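Asks: The structure that follows is given in the form of structure tokens.
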Amino acid sequence: MTGRSLHTMGQQHDRRSWAEPWKIKMVEPLRMTTREQREAALREAGHNTFLLRSEDVYIDLLTDSGTSAMSDRQWAGMMLGDEAYAGSRNYYRLEAAIQRFYGYRYIVPTHQGRGAEHLISQTLIKPGDHVPGNMYFTTTRLHQELAGATFHDVIIDEAHDPQDLHPFKGNVDLAKLAALIDEVGAEKIPYVSLAGTVNMAGGQPVSMANVRAVKELCDRHGIRVLLDATRMVENALFIAEREEGYAGRSIAEILLEFCSYTDGAWMSAKKDHLVNIGGWLAVNDQTVFEELRNLVVVYEGLHTYGGMAGRDMEALAIGIEEAVQDDHVRSRVGQVRYLGELLTEWDIPIVQPVGGHAIFLDARRFYPHLAQDLFPAQTLAAELYLDSGIRSMERGIASAGRNPVTGDHNRPKLELTRLTIPRRVYTQAHMDVVAESVKACYDSRESARGLVMRYEPKYLRFFQARFDPL
Ligand code: P61
């Protein structure tokens, strides 16, 4: 005995520890690499973490998309796949789960979120239209633009400030929305594109009061409200914790009420729904549904599978039910917060308040000596990988792409590097390793020099762009 008293992590944070509501039944080994191996891999990948081979990654925080661990029930469900071309039993289980937990009437399955975004954009948008949304998302905006719309960011100003502590930084600014309606006319706005939580803002939630107000305003003008429900379960937890009148309400109740203020939704099921692939669209309007159901057979597959196998739909139907369990959501967001608490205590600049699915490092404050055109967030992702083999994702100027009219870089206020936590995959010890690696990069921040982009693809450039170090 050393005589030193050890503290659990919870005690160090002045609380009782929480733990995951599951235990591990199957494991996948991780491979640690040397710094020399990582230097070679990063060079080969053009300093873009999307181009690394996963076997060269130690802890993979690129995304929480399709990276969840499925439960034993979901794996058992995979054996119940009904792989009929038409009318698979698993499709009807999926339809029932979406109707029960999200409350929408008509369902269209898709292979993943962007398949759904494509269908809804092509169905509702006419060239020359305008789509307001609470901050852009890369694929969402691209599909809206490809359909002929101009996207308008109507999120509250606080969302663009990483240090602002507003509890609902995902909220729509109603004055901005009303001004746009006045300016372009309601008939030019096919829908409001509302995301809960807001990915690019740092996983920030929308309040119930805000969605209700957006719906009221839109109803007065005959404009639909459509929800990107990808991480809406996490949004529901923030409402339970922060909004008056919702303490003690279940995630499932809050989710259902929130969706009731919208006319439909699209979903990347690869996030909240704990599956490796899948997506869906849902609407209440029968005419819109019939158009979507017709278009899905052109691009995705028959309207009872939409690009998914029967077994995928079964795992998804089970995942929907698991996703709304209160203890699951609390531990999922709790793990993200744990990492955030460590970094906050060490004065490392991150987006505050900590959001639902990831920690976003504030690359502007991390590297104040790097101009935005030198890709500070991309640089930080590269440095983190070199330090420890941890993979993160740029969410700054590279992700924002170019203005379709002027061709110049979009220069977002937020220049962030995302450490995204997959659901049910990593332990608290992994989070400690991540925090220490971020700290090591922070301590050597002055030596970072930035990057130049030497290859830039036309669409969603950040996925495949290549960079050279300066
Ligand atoms: C992600 F770097 N997200 O966050 P799909 N809506 C929302 C998403 O977060 C989302 C989709 C729609 C990903 C994967 C990804 O710029 C990127 O199933 C709120 O991926 O097609 C996906 O759903 C699209 C990573 C997507 C990116 C685009 O990691």
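Quick note on naming: the chains in the structure tokens go A, B, ... in the order shown, residues restart at 1 in each chain, and ligands are numbered from 1 in order of appearance.
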Neighbouring residues of ligand 1 are defined here as those with any atom at most 6 Å from a ligand atom, counting only C-alpha atoms and all ligand atoms; list them as a list of chain:residue names.
Replies: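 With only C-alpha atoms and all ligand atoms and a cut-off of 6 Å, ligand 1 is contacted by A:Thr63, A:Asp64, A:Ser65, A:Gln112, A:Gly113, A:Arg114, A:Thr138, A:Thr139, A:Asn199, A:Thr230, A:Ser268, A:Lys270.
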Asks: In stretch 30-213 of chain A, what's alpha helix (DSSP H) per DSSP? Answer as a PyMOL selection string?
Replies: chain A and resi 35-44+72-78+89-102+113-124+138-146+174-184+208-213
Asks: Could you jot down the atom CA of A:Ala440 to atom CA of A:Asp347 separation for me, Å, one decimal place?
Replies: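 Spanning atom CA of A:Ala440 to atom CA of A:Asp347 is a straight-line distance of 12.7 Å.
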Asks: Select, from A:Leu227, A:Leu274, A:Leu124, A:Ile189, the residue with the minimum atom-to-atom distance to A:Leu295, counting only C-alpha atoms.
Replies: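 Of all the options, A:Leu124 lies closest to A:Leu295.
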Asks: Pick from A:Leu52, A:Leu42, A:Met135, A:Ile397: nearest to A:Glu383, with only C-alpha atoms counted?
Replies: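 Among the listed residues, A:Leu42 lies closest to A:Glu383.
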Asks: Would you pick out the contacts of A:Val433 at 10 Å or less, using only C-alpha atoms, so that residues sharing its chain but fewer than 4 positions from it are not included, and give the list as a list in words?
Replies: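 The filter keeps Ile59, Leu339, Ser388, Ile390, Gln428, Ala429, Ser437, Val438 and Lys439 of chain A.
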Asks: Counting only C-alpha atoms, figure out which residue out of A:Tyr104, A:Tyr246, A:Tyr299, A:Tyr58 gets nearest to A:Leu226.
Replies: A:Tyr104
Asks: Which parts of stretch 306-385 of chain A does DSSP call strand (DSSP E) when run on the backbone here, written out as a list in words?
Replies: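 Checking each residue of stretch 306-385 of chain A, the strand (DSSP E) ones are Ala358, Ile359, Phe360, Leu361 and Asp362 of chain A.
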Asks: Mind writing the picked residues with N, CA, C and O atoms as a compact mmCIF listing (two decimals), in the first residue's frame?
Replies:
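Output below, filename selection_12.txt:
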# COMPACT_ATOMS: atom_id res chain seq x y z
N ALA A 358 -20.26 13.85 -30.00
CA ALA A 358 -18.84 14.07 -30.27
C ALA A 358 -18.31 15.24 -29.45
O ALA A 358 -19.07 16.09 -29.01
N ILE A 359 -16.99 15.25 -29.31
CA ILE A 359 -16.30 16.44 -28.82
C ILE A 359 -15.74 17.14 -30.05
O ILE A 359 -15.14 16.49 -30.91
N PHE A 360 -15.95 18.44 -30.12
CA PHE A 360 -15.43 19.22 -31.24
C PHE A 360 -14.32 20.13 -30.73
O PHE A 360 -14.58 21.05 -29.95
N LEU A 361 -13.09 19.85 -31.17
CA LEU A 361 -11.96 20.69 -30.77
C LEU A 361 -12.03 21.98 -31.58
O LEU A 361 -12.30 21.94 -32.80
N ASP A 362 -11.80 23.10 -30.93
CA ASP A 362 -11.88 24.40 -31.61
C ASP A 362 -10.50 24.71 -32.20
O ASP A 362 -9.62 25.23 -31.52
Asks: Measuring atom to atom with only C-alpha atoms, identify which of A:Thr406, A:Ser54, A:Ser71, A:Ser121 is nearest to A:Met26.
Replies: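 Checking each of A:Thr406, A:Ser54, A:Ser71, A:Ser121 against A:Met26, counting only C-alpha atoms, the winner is A:Ser71.
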Asks: When you count only C-alpha atoms, which of these residues is closest to A:Val333: A:Gln122, A:Ser193, A:Ser444, A:Thr420?
Replies: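 The closest residue to A:Val333 is A:Thr420.
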Asks: Between A:Val206, A:Ala398, A:Val425, A:Ala195, which residue has the minimum interatomic distance to A:Ala265, considering only C-alpha atoms?
Replies: A:Ala195
Asks: Got a sec: who's within 10 Å of A:Ile223, counting only C-alpha atoms, leaving out chain neighbours fewer than 2 positions off, as a VMD selection string?
Replies: chain A and resid 181 186 to 192 215 to 221 225 to 226 263
Asks: Using only C-alpha atoms, which residues sit within 10 Å of A:Met431 once same-chain residues fewer than 3 positions away are excluded, as a list of chain:residue names?
Replies: A:Ile59, A:Gln335, A:Val336, A:Tyr338, A:Leu339, A:Gly340, A:Leu342, A:Ile421, A:Tyr426, A:Thr427, A:Gln428, A:Val434, A:Ala435, A:Glu436, A:Ser437
Asks: Between atom CA of A:His143 and atom CA of A:Gly203, what distance in Å does the model show, to one decimal?
Replies: 21.2 Å
